[in-house]
file protein.pdb (PDB, C-alpha atoms)
ATOM      1  CA  MET A   1      14.365  -1.232 -18.359
ATOM      2  CA  ASN A   2      12.565   1.859 -17.068
ATOM      3  CA  ILE A   3       9.209   0.139 -17.613
ATOM      4  CA  LEU A   4      10.350  -2.889 -15.592
ATOM      5  CA  LYS A   5      11.560  -0.602 -12.810
ATOM      6  CA  ALA A   6       8.248   1.279 -12.832
ATOM      7  CA  ILE A   7       6.285  -2.008 -12.572
ATOM      8  CA  TYR A   8       8.572  -3.199  -9.753
ATOM      9  CA  ASN A   9       8.127   0.081  -7.864
ATOM     10  CA  PHE A  10       4.375   0.020  -8.466
ATOM     11  CA  ILE A  11       3.819  -3.515  -7.204
ATOM     12  CA  VAL A  12       6.289  -3.799  -4.355
ATOM     13  CA  GLY A  13       9.347  -1.509  -4.483
ATOM     14  CA  ASP A  14      11.270  -3.707  -2.030
ATOM     15  CA  MET A  15      13.664  -6.481  -3.058
ATOM     16  CA  ILE A  16      13.438  -8.399   0.251
ATOM     17  CA  ILE A  17       9.627  -8.556   0.061
ATOM     18  CA  LEU A  18       9.646  -9.530  -3.626
ATOM     19  CA  ILE A  19      12.321 -12.238  -3.395
ATOM     20  CA  GLY A  20      11.055 -13.550  -0.041
ATOM     21  CA  VAL A  21       7.461 -13.931  -1.231
ATOM     22  CA  LEU A  22       8.550 -15.483  -4.551
ATOM     23  CA  ILE A  23      10.795 -18.061  -2.821
ATOM     24  CA  VAL A  24       7.955 -19.029  -0.462
ATOM     25  CA  ALA A  25       5.499 -19.239  -3.377
ATOM     26  CA  ILE A  26       7.845 -21.504  -5.362
ATOM     27  CA  ALA A  27       8.534 -23.745  -2.322
ATOM     28  CA  LEU A  28       4.831 -24.080  -1.490
ATOM     29  CA  GLY A  29       4.018 -24.627  -5.180
ATOM     30  CA  LEU A  30       6.436 -27.565  -5.231
ATOM     31  CA  ILE A  31       4.958 -28.990  -2.011
ATOM     32  CA  SER A  32       1.407 -28.792  -3.367
ATOM     33  CA  SER A  33       2.221 -30.278  -6.776
ATOM     34  CA  ILE A  34       4.812 -33.042  -6.111
ATOM     35  CA  ASN A  35       3.271 -36.255  -4.778
ATOM     36  CA  ALA A  36       6.377 -37.264  -2.832
ATOM     37  CA  LEU A  37       5.983 -34.099  -0.753
ATOM     38  CA  ALA A  38       2.295 -34.756  -0.005
ATOM     39  CA  PRO A  39       2.837 -35.319   3.785
ATOM     40  CA  LEU A  40       4.098 -31.714   4.013
ATOM     41  CA  ARG A  41       0.845 -30.280   2.611
ATOM     42  CA  VAL A  42      -0.716 -29.978   6.069
ATOM     43  CA  ALA A  43       1.990 -27.432   6.921
ATOM     44  CA  ILE A  44       1.303 -25.085   3.950
ATOM     45  CA  GLY A  45      -0.891 -22.692   5.970
ATOM     46  CA  PRO A  46       1.396 -22.284   9.014
ATOM     47  CA  VAL A  47       4.482 -22.037   6.756
ATOM     48  CA  LEU A  48       2.822 -19.305   4.682
ATOM     49  CA  ILE A  49       1.907 -17.268   7.788
ATOM     50  CA  ILE A  50       5.395 -17.627   9.313
ATOM     51  CA  ALA A  51       7.056 -16.798   5.975
ATOM     52  CA  VAL A  52       5.017 -13.587   5.572
ATOM     53  CA  LEU A  53       5.978 -12.525   9.113
ATOM     54  CA  VAL A  54       9.657 -13.357   8.529
ATOM     55  CA  VAL A  55       9.705 -11.341   5.278
ATOM     56  CA  LEU A  56       8.066  -8.355   7.005
ATOM     57  CA  SER A  57      10.493  -8.542   9.935
ATOM     58  CA  ALA A  58      13.506  -8.871   7.594
ATOM     59  CA  THR A  59      12.621  -5.822   5.506
ATOM     60  CA  LEU A  60      11.902  -3.727   8.621
ATOM     61  CA  TYR A  61      15.160  -4.839  10.238
ATOM     62  CA  ARG A  62      17.072  -3.811   7.123
ATOM     63  CA  GLU A  63      15.364  -0.397   7.162
ATOM     64  CA  ALA A  64      16.183   0.030  10.864
ATOM     65  CA  ARG A  65      19.861  -0.851  10.248
ATOM     66  CA  GLY A  66      19.972   1.439   7.240
ATOM     67  CA  LYS A  67      18.882   4.412   9.344
ATOM     68  CA  ARG A  68      21.947   4.046  11.614
TER      69      ARG A  68
ATOM     70  CA  MET B  69     -22.816  -6.431  -1.641
ATOM     71  CA  GLU B  70     -19.514  -7.792  -0.275
ATOM     72  CA  TRP B  71     -18.844  -5.565   2.742
ATOM     73  CA  ALA B  72     -15.279  -6.759   3.425
ATOM     74  CA  ILE B  73     -14.316  -6.038  -0.192
ATOM     75  CA  ALA B  74     -16.147  -2.702  -0.290
ATOM     76  CA  SER B  75     -14.564  -1.497   2.972
ATOM     77  CA  ALA B  76     -11.038  -2.566   1.949
ATOM     78  CA  ALA B  77     -11.452  -0.750  -1.378
ATOM     79  CA  PHE B  78     -12.917   2.269   0.461
ATOM     80  CA  LEU B  79      -9.975   2.564   2.872
ATOM     81  CA  ALA B  80      -7.318   1.986   0.198
ATOM     82  CA  SER B  81      -8.986   4.502  -2.114
ATOM     83  CA  ALA B  82      -9.325   7.112   0.623
ATOM     84  CA  VAL B  83      -5.542   7.104   1.155
ATOM     85  CA  GLU B  84      -4.746   7.361  -2.552
ATOM     86  CA  PHE B  85      -7.467   9.948  -3.271
ATOM     87  CA  VAL B  86      -6.088  12.212  -0.516
ATOM     88  CA  GLU B  87      -2.658  12.071  -2.210
ATOM     89  CA  ALA B  88      -4.125  12.687  -5.675
ATOM     90  CA  PHE B  89      -6.364  15.476  -4.350
ATOM     91  CA  THR B  90      -3.305  17.364  -3.062
ATOM     92  CA  ILE B  91      -1.826  17.574  -6.584
ATOM     93  CA  VAL B  92      -5.207  18.427  -8.190
ATOM     94  CA  LEU B  93      -5.565  21.218  -5.624
ATOM     95  CA  VAL B  94      -2.077  22.582  -6.419
ATOM     96  CA  VAL B  95      -2.859  22.657 -10.155
ATOM     97  CA  GLY B  96      -6.260  24.259  -9.493
ATOM     98  CA  VAL B  97      -4.821  26.979  -7.270
ATOM     99  CA  THR B  98      -1.637  27.666  -9.247
ATOM    100  CA  ILE B  99      -2.690  27.192 -12.898
ATOM    101  CA  ASN B 100      -6.495  27.019 -13.141
ATOM    102  CA  TRP B 101      -9.366  24.798 -12.033
ATOM    103  CA  ARG B 102     -10.416  23.965 -15.597
ATOM    104  CA  SER B 103      -7.079  22.274 -16.424
ATOM    105  CA  SER B 104      -6.999  20.577 -13.043
ATOM    106  CA  LEU B 105     -10.525  19.104 -13.282
ATOM    107  CA  VAL B 106     -10.161  18.061 -16.943
ATOM    108  CA  GLY B 107      -6.971  16.136 -16.030
ATOM    109  CA  ALA B 108      -8.559  14.556 -12.946
ATOM    110  CA  PHE B 109     -11.772  13.461 -14.734
ATOM    111  CA  ALA B 110      -9.824  12.107 -17.734
ATOM    112  CA  ALA B 111      -7.707   9.992 -15.369
ATOM    113  CA  ALA B 112     -10.832   8.769 -13.515
ATOM    114  CA  ALA B 113     -12.345   7.720 -16.871
ATOM    115  CA  THR B 114      -9.123   5.875 -17.828
ATOM    116  CA  LEU B 115      -9.189   4.038 -14.489
ATOM    117  CA  ALA B 116     -12.856   3.063 -14.969
ATOM    118  CA  VAL B 117     -12.015   1.592 -18.398
ATOM    119  CA  ILE B 118      -9.048  -0.349 -16.935
ATOM    120  CA  VAL B 119     -11.185  -1.794 -14.101
ATOM    121  CA  ALA B 120     -14.068  -2.713 -16.418
ATOM    122  CA  THR B 121     -12.006  -4.415 -19.152
ATOM    123  CA  LEU B 122      -9.297  -6.066 -17.040
ATOM    124  CA  GLY B 123     -11.749  -7.002 -14.286
ATOM    125  CA  VAL B 124     -14.164  -8.763 -16.620
ATOM    126  CA  ALA B 125     -11.322 -10.482 -18.510
ATOM    127  CA  ILE B 126      -9.760 -11.812 -15.296
ATOM    128  CA  VAL B 127     -13.046 -13.099 -13.864
ATOM    129  CA  GLN B 128     -14.105 -14.814 -17.095
ATOM    130  CA  LEU B 129     -10.815 -16.245 -18.386
ATOM    131  CA  VAL B 130      -8.630 -17.334 -15.460
ATOM    132  CA  PRO B 131      -9.371 -20.616 -13.573
ATOM    133  CA  ILE B 132     -10.309 -20.098  -9.905
ATOM    134  CA  ASP B 133      -7.285 -21.846  -8.301
ATOM    135  CA  ALA B 134      -4.778 -19.994 -10.486
ATOM    136  CA  LEU B 135      -6.680 -16.738  -9.932
ATOM    137  CA  ARG B 136      -6.648 -17.165  -6.148
ATOM    138  CA  LEU B 137      -2.939 -17.975  -6.130
ATOM    139  CA  PHE B 138      -2.093 -14.983  -8.349
ATOM    140  CA  VAL B 139      -4.410 -12.652  -6.427
ATOM    141  CA  GLY B 140      -3.135 -13.953  -3.083
ATOM    142  CA  ILE B 141       0.505 -13.317  -3.960
ATOM    143  CA  ILE B 142      -0.219  -9.858  -5.417
ATOM    144  CA  LEU B 143      -2.223  -8.927  -2.315
ATOM    145  CA  ILE B 144       0.558 -10.175  -0.011
ATOM    146  CA  LEU B 145       3.062  -8.006  -1.948
ATOM    147  CA  PHE B 146       0.796  -4.924  -1.793
ATOM    148  CA  GLY B 147      -0.148  -5.615   1.832
ATOM    149  CA  LEU B 148       3.467  -6.003   3.011
ATOM    150  CA  LYS B 149       4.443  -2.818   1.147
ATOM    151  CA  TRP B 150       1.716  -0.793   2.892
ATOM    152  CA  LEU B 151       2.306  -2.486   6.263
ATOM    153  CA  LYS B 152       6.056  -1.828   6.099
ATOM    154  CA  LYS B 153       5.522   1.883   5.368
ATOM    155  CA  SER B 154       2.985   2.365   8.142
ATOM    156  CA  ILE B 155       5.045   0.406  10.729
ATOM    157  CA  LEU B 156       8.118   2.532   9.887
ATOM    158  CA  ARG B 157       5.999   5.674  10.356
ATOM    159  CA  TYR B 158       4.483   4.474  13.651
ATOM    160  CA  SER B 159       7.932   3.616  15.007
ATOM    161  CA  GLY B 160       9.298   7.042  14.066
ATOM    162  CA  LEU B 161      11.852   5.736  11.538
ATOM    163  CA  LYS B 162      10.011   7.479   8.700
ATOM    164  CA  ALA B 163       8.261  10.845   8.758
ATOM    165  CA  LEU B 164       4.460  10.794   8.777
ATOM    166  CA  HIS B 165       3.121  11.657   5.341
ATOM    167  CA  ASP B 166       2.882  15.427   5.143
ATOM    168  CA  GLU B 167       0.339  16.606   2.576
ATOM    169  CA  GLU B 168       1.227  20.229   3.260
ATOM    170  CA  ALA B 169       4.880  19.611   2.346
ATOM    171  CA  ILE B 170       3.828  17.914  -0.931
ATOM    172  CA  PHE B 171       1.495  20.840  -1.644
ATOM    173  CA  GLU B 172       4.283  23.419  -1.129
ATOM    174  CA  GLU B 173       6.805  21.356  -3.102
ATOM    175  CA  LYS B 174       4.521  21.002  -6.146
ATOM    176  CA  MET B 175       3.541  24.660  -5.923
ATOM    177  CA  ALA B 176       7.224  25.690  -6.018
ATOM    178  CA  GLU B 177       7.800  23.316  -8.959
ATOM    179  CA  ILE B 178       4.977  24.917 -10.964
ATOM    180  CA  ARG B 179       6.113  28.454 -10.096
ATOM    181  CA  ALA B 180       9.677  27.578 -11.150
ATOM    182  CA  ARG B 181       8.312  26.626 -14.578
ATOM    183  CA  GLY B 182       6.839  30.103 -14.836
ATOM    184  CA  GLU B 183       3.225  28.849 -15.051
ATOM    185  CA  THR B 184       0.697  31.552 -14.204
ATOM    186  CA  ILE B 185      -3.037  31.641 -13.496
ATOM    187  CA  ALA B 186      -4.946  31.870 -16.774
ATOM    188  CA  PRO B 187      -8.555  30.939 -17.597
ATOM    189  CA  ARG B 188      -7.762  28.809 -20.673
ATOM    190  CA  LEU B 189      -6.905  25.092 -20.638
ATOM    191  CA  GLN B 190      -3.168  24.584 -20.059
ATOM    192  CA  PRO B 191      -1.657  21.266 -21.234
ATOM    193  CA  PHE B 192       0.923  21.169 -18.415
ATOM    194  CA  GLY B 193      -1.795  21.542 -15.765
ATOM    195  CA  VAL B 194      -3.996  18.896 -17.393
ATOM    196  CA  ALA B 195      -1.045  16.485 -17.668
ATOM    197  CA  LEU B 196       0.018  17.023 -14.052
ATOM    198  CA  ALA B 197      -3.488  16.421 -12.656
ATOM    199  CA  TYR B 198      -4.012  13.441 -15.029
ATOM    200  CA  LYS B 199      -0.698  11.837 -14.045
ATOM    201  CA  ALA B 200      -1.315  12.292 -10.309
ATOM    202  CA  VAL B 201      -4.834  10.839 -10.349
ATOM    203  CA  LEU B 202      -3.870   7.998 -12.709
ATOM    204  CA  LEU B 203      -0.770   6.954 -10.746
ATOM    205  CA  GLU B 204      -2.444   7.134  -7.335
ATOM    206  CA  GLY B 205      -5.589   5.489  -8.684
ATOM    207  CA  LEU B 206      -3.829   2.664 -10.503
ATOM    208  CA  GLU B 207      -2.899   0.927  -7.266
ATOM    209  CA  VAL B 208      -6.509   1.164  -6.103
ATOM    210  CA  ALA B 209      -7.711  -0.116  -9.499
ATOM    211  CA  PHE B 210      -5.407  -3.106  -9.098
ATOM    212  CA  ILE B 211      -6.722  -3.810  -5.587
ATOM    213  CA  VAL B 212     -10.328  -3.456  -6.826
ATOM    214  CA  ILE B 213      -9.710  -5.857  -9.731
ATOM    215  CA  THR B 214      -7.817  -8.528  -7.790
ATOM    216  CA  PHE B 215      -9.898  -8.329  -4.607
ATOM    217  CA  GLY B 216     -13.250  -8.071  -6.364
ATOM    218  CA  GLY B 217     -12.326 -10.523  -9.125
ATOM    219  CA  SER B 218     -11.475 -13.342  -6.764
ATOM    220  CA  ILE B 219     -14.689 -12.926  -4.762
ATOM    221  CA  SER B 220     -16.808 -12.643  -7.916
ATOM    222  CA  LYS B 221     -15.710 -16.011  -9.124
ATOM    223  CA  ALA B 222     -15.960 -17.768  -5.770
ATOM    224  CA  ALA B 223     -19.240 -16.427  -4.456
ATOM    225  CA  THR B 224     -20.964 -15.673  -7.760
ATOM    226  CA  SER B 225     -21.657 -12.203  -6.396
ATOM    227  CA  ASN B 226     -20.322  -9.080  -7.990
ATOM    228  CA  GLY B 227     -17.176  -8.412  -6.017
ATOM    229  CA  ILE B 228     -15.747  -5.949  -8.522
ATOM    230  CA  ALA B 229     -18.929  -3.866  -8.286
ATOM    231  CA  SER B 230     -18.711  -3.914  -4.447
ATOM    232  CA  ALA B 231     -15.057  -2.849  -4.584
ATOM    233  CA  ALA B 232     -15.838  -0.151  -7.169
ATOM    234  CA  ILE B 233     -18.686   1.198  -4.975
ATOM    235  CA  GLY B 234     -16.307   1.377  -1.977
ATOM    236  CA  ALA B 235     -13.708   3.224  -4.080
ATOM    237  CA  ALA B 236     -16.300   5.613  -5.544
ATOM    238  CA  ILE B 237     -17.685   6.523  -2.081
ATOM    239  CA  ALA B 238     -14.136   7.246  -0.873
ATOM    240  CA  GLY B 239     -13.527   9.444  -3.920
ATOM    241  CA  ILE B 240     -16.763  11.411  -3.395
ATOM    242  CA  LEU B 241     -16.042  11.900   0.334
ATOM    243  CA  VAL B 242     -12.483  13.117  -0.323
ATOM    244  CA  ILE B 243     -13.704  15.557  -3.009
ATOM    245  CA  LEU B 244     -16.484  16.856  -0.718
ATOM    246  CA  ALA B 245     -14.052  17.260   2.198
ATOM    247  CA  GLY B 246     -11.630  19.014  -0.159
ATOM    248  CA  LEU B 247     -14.340  21.407  -1.385
ATOM    249  CA  LEU B 248     -15.241  22.271   2.209
ATOM    250  CA  VAL B 249     -11.667  22.706   3.454
ATOM    251  CA  LYS B 250     -10.112  24.104   0.227
ATOM    252  CA  ALA B 251      -6.675  23.101   1.552
ATOM    253  CA  PRO B 252      -4.542  19.940   1.714
ATOM    254  CA  LEU B 253      -6.368  17.289   3.755
ATOM    255  CA  THR B 254      -3.848  17.062   6.566
ATOM    256  CA  ARG B 255      -6.297  15.776   9.187
ATOM    257  CA  VAL B 256      -7.067  12.506   7.410
ATOM    258  CA  PRO B 257      -5.363   9.784   9.492
ATOM    259  CA  GLU B 258      -3.500   8.531   6.445
ATOM    260  CA  ASN B 259      -1.090   6.247   8.282
ATOM    261  CA  THR B 260      -3.856   4.541  10.252
ATOM    262  CA  LEU B 261      -5.805   3.920   7.025
ATOM    263  CA  LYS B 262      -2.658   2.568   5.367
ATOM    264  CA  PHE B 263      -1.994   0.287   8.344
ATOM    265  CA  VAL B 264      -5.560  -1.108   8.383
ATOM    266  CA  VAL B 265      -5.476  -1.689   4.613
ATOM    267  CA  GLY B 266      -2.048  -3.338   4.921
ATOM    268  CA  ILE B 267      -3.414  -5.762   7.552
ATOM    269  CA  MET B 268      -6.527  -6.502   5.427
ATOM    270  CA  LEU B 269      -4.593  -7.066   2.189
ATOM    271  CA  THR B 270      -1.986  -9.286   3.865
ATOM    272  CA  SER B 271      -4.679 -11.348   5.641
ATOM    273  CA  PHE B 272      -6.832 -11.850   2.516
ATOM    274  CA  GLY B 273      -3.697 -12.437   0.429
ATOM    275  CA  THR B 274      -2.376 -15.124   2.783
ATOM    276  CA  PHE B 275      -5.804 -16.798   2.913
ATOM    277  CA  TRP B 276      -6.264 -16.858  -0.872
ATOM    278  CA  ALA B 277      -2.668 -17.881  -1.593
ATOM    279  CA  GLY B 278      -3.181 -20.806   0.831
ATOM    280  CA  GLU B 279      -6.385 -21.789  -0.975
ATOM    281  CA  GLY B 280      -4.547 -21.455  -4.296
ATOM    282  CA  PHE B 281      -2.094 -24.077  -2.985
ATOM    283  CA  ARG B 282      -5.182 -26.214  -2.185
ATOM    284  CA  TYR B 283      -4.701 -25.873   1.575
ATOM    285  CA  ASP B 284      -7.900 -26.145   3.643
ATOM    286  CA  TRP B 285      -7.808 -23.468   6.326
ATOM    287  CA  PRO B 286      -9.348 -24.490   9.670
ATOM    288  CA  LEU B 287     -12.808 -22.826  10.136
ATOM    289  CA  SER B 288     -12.782 -21.950   6.415
ATOM    290  CA  ASP B 289     -13.532 -18.217   5.736
ATOM    291  CA  ALA B 290     -13.788 -17.556   9.491
ATOM    292  CA  PHE B 291     -10.002 -17.962   9.644
ATOM    293  CA  ILE B 292      -9.498 -14.563   7.915
ATOM    294  CA  PRO B 293     -10.144 -12.547  11.133
ATOM    295  CA  ILE B 294      -7.721 -14.869  12.959
ATOM    296  CA  LEU B 295      -5.085 -14.103  10.301
ATOM    297  CA  ALA B 296      -5.778 -10.382  10.733
ATOM    298  CA  ALA B 297      -5.334 -10.739  14.518
ATOM    299  CA  ILE B 298      -2.008 -12.573  14.029
ATOM    300  CA  PHE B 299      -0.677  -9.840  11.684
ATOM    301  CA  LEU B 300      -1.986  -7.114  13.995
ATOM    302  CA  LEU B 301      -0.194  -8.601  17.002
ATOM    303  CA  ALA B 302       3.011  -9.116  15.011
ATOM    304  CA  SER B 303       2.868  -5.505  13.760
ATOM    305  CA  TYR B 304       2.422  -4.219  17.309
ATOM    306  CA  LEU B 305       5.468  -6.214  18.448
ATOM    307  CA  LEU B 306       7.496  -4.947  15.462
ATOM    308  CA  VAL B 307       6.560  -1.304  16.176
ATOM    309  CA  THR B 308       7.582  -1.773  19.841
ATOM    310  CA  PHE B 309      10.880  -3.420  18.811
ATOM    311  CA  LEU B 310      11.705  -0.685  16.274
ATOM    312  CA  LYS B 311      10.911   2.075  18.793
ATOM    313  CA  GLN B 312      13.329   0.434  21.277
ATOM    314  CA  GLN B 313      15.969   0.159  18.539
ATOM    315  CA  LYS B 314      15.572   3.848  17.744
ATOM    316  CA  ARG B 315      15.892   4.804  21.422
ATOM    317  CA  ARG B 316      19.055   2.673  21.742
ATOM    318  CA  GLN B 317      20.538   4.306  18.628
ATOM    319  CA  LEU B 318      19.821   7.774  20.009
ATOM    320  CA  ALA B 319      21.338   6.814  23.380
ATOM    321  CA  ALA B 320      24.444   5.410  21.643
ATOM    322  CA  LYS B 321      24.842   8.666  19.724
ATOM    323  CA  GLU B 322      24.553  10.707  22.907
ATOM    324  CA  THR B 323      27.093   8.635  24.939
ATOM    325  CA  PRO B 324      30.283   9.465  22.920
ATOM    326  CA  ARG B 325      29.375  13.169  23.100
ATOM    327  CA  VAL B 326      29.106  12.978  26.903
ATOM    328  CA  ILE B 327      32.394  11.020  27.170
ATOM    329  CA  SER B 328      34.235  13.453  24.872
ATOM    330  CA  GLY B 329      32.723  16.336  26.856
ATOM    331  CA  VAL B 330      34.082  14.878  30.163
ATOM    332  CA  GLY B 331      37.497  14.275  28.555
ATOM    333  CA  SER B 332      37.846  17.868  27.404
ATOM    334  CA  GLN B 333      36.868  19.194  30.862
ATOM    335  CA  GLU B 334      39.588  17.044  32.507
ATOM    336  CA  GLU B 335      42.139  18.342  29.998
ATOM    337  CA  VAL B 336      41.180  21.911  30.848
ATOM    338  CA  ARG B 337      41.530  21.208  34.600
ATOM    339  CA  SER B 338      45.015  19.637  34.230
TER     340      SER B 338
END
call {"tool": "encode", "arguments": {"input": "protein.pdb", "output": "structure tokens"}}
result
Amino acid sequence: MNILKAIYNFIVGDMIILIGVLIVAIALGLISSINALAPLRVAIGPVLIIAVLVVLSATLYREARGKR
Amino acid sequence: MEWAIASAAFLASAVEFVEAFTIVLVVGVTINWRSSLVGAFAAAATLAVIVATLGVAIVQLVPIDALRLFVGIILILFGLKWLKKSILRYSGLKALHDEEAIFEEKMAEIRARGETIAPRLQPFGVALAYKAVLLEGLEVAFIVITFGGSISKAATSNGIASAAIGAAIAGILVILAGLLVKAPLTRVPENTLKFVVGIMLTSFGTFWAGEGFRYDWPLSDAFIPILAAIFLLASYLLVTFLKQQKRRQLAAKETPRVISGVGSQEEVRS
């Protein structure tokens, strides 16, 4: 358990960033691999950029609220 | 030579080497320089072995699309972590990294253990210096491997070597600066370096993750600076927003005090 925690802290150390990025990666992975979702592939780039910005904003907002 | 890779590795390494140098300096001053340098060089050798073996294995064994996806996601995670820290520091929600405070804290820790200056090799000193350099360097090693590995495969140039050169130059410069100053390197603009590296890692990470999902970015590689500009602008807006939030919080804290102060004065008058 301590090893897992050390790896988590080493790579990211923030649950919002980790879960947010993983959800986006899974969603985009499905879009790029399932043929029925092929029309959505043109949106992968913009979605990725927006998702990264949303994750960053969410984690910063949580930190700002936590400091109250 | 891949300049983008070398400069990203240089900046990331400079930040981590400054942190590691602080601990090596504490051990050198408080225990002895022999233990401190043995620990630091042993850790540097361990890191070189990790980069060489893992780097070569990743470049040779993993298919390019999977590698780019993996590297992209790892770089986004690292980049967001660094960006978050530096934005919090710029907005005043987190204290700027204080090398002097770390230096004093570690010094007190060593004194509390009753360690004294002695010329012979002391295992505790070696272990402390080794641990500091290894832990701070591991993140850089990971950036060097992932960053350099992805480029190596795509451009058939030696990205890992470029990244390693960038990291090595940063290490030499930090050691030279440390030898000249002989004190914690407090003047290194650590937060600015962290911010720039955060922007670079997030931009490259987003670009490579997109390519891993087989998305064709407009303008191809030339889209990376556009990504960096987008993240830079967003970070600026976030810093401004967080500063406003902090001011509002401070104002809200002050208001009840003023009101309660007025109330008590009225009570006294009546």
call {"tool": "interface_residues", "arguments": {"input": "protein.pdb", "of": "chain B", "to": "chain A", "cutoff": "6 Å", "atoms": "all atoms listed in the file", "output": "list in words"}}
result
Leu145, Lys149, Gly278 and Phe281 of chain B
call {"tool": "closest_residue", "arguments": {"input": "protein.pdb", "among": "B:Leu318, B:Ile170, B:Ile99, B:Ala277", "to": "Ile141 in chain B", "atoms": "all atoms listed in the file"}}
result
B:Ala277
call {"tool": "atom_distance", "arguments": {"input": "protein.pdb", "atom1": "CA of Leu305 in chain B", "atom2": "CA of Leu261 in chain B"}}
result
19.0 Å
call {"tool": "atom_distance", "arguments": {"input": "protein.pdb", "atom1": "CA of Ser230 in chain B", "atom2": "CA of Ile73 in chain B"}}
result
6.5 Å
call {"tool": "closest_residue", "arguments": {"input": "protein.pdb", "among": "B:Leu137, B:Ile211, B:Ala236, B:Ala77", "to": "Ile26 in chain A", "atoms": "only C-alpha atoms"}}
result
B:Leu137
call {"tool": "resolve_selection", "arguments": {"input": "protein.pdb", "expression": "the PyMOL selection byres ((chain B and resi 263) around 8)", "output": "list of chain:residue names"}}
result
B:Trp150, B:Leu151, B:Ser154, B:Ile155, B:Asn259, B:Thr260, B:Leu261, B:Lys262, B:Val264, B:Val265, B:Gly266, B:Ile267
call {"tool": "closest_residue", "arguments": {"input": "protein.pdb", "among": "B:Leu156, B:Leu202, B:Val139, B:Ile178", "to": "Ala112 in chain B", "atoms": "only C-alpha atoms"}}
result
B:Leu202
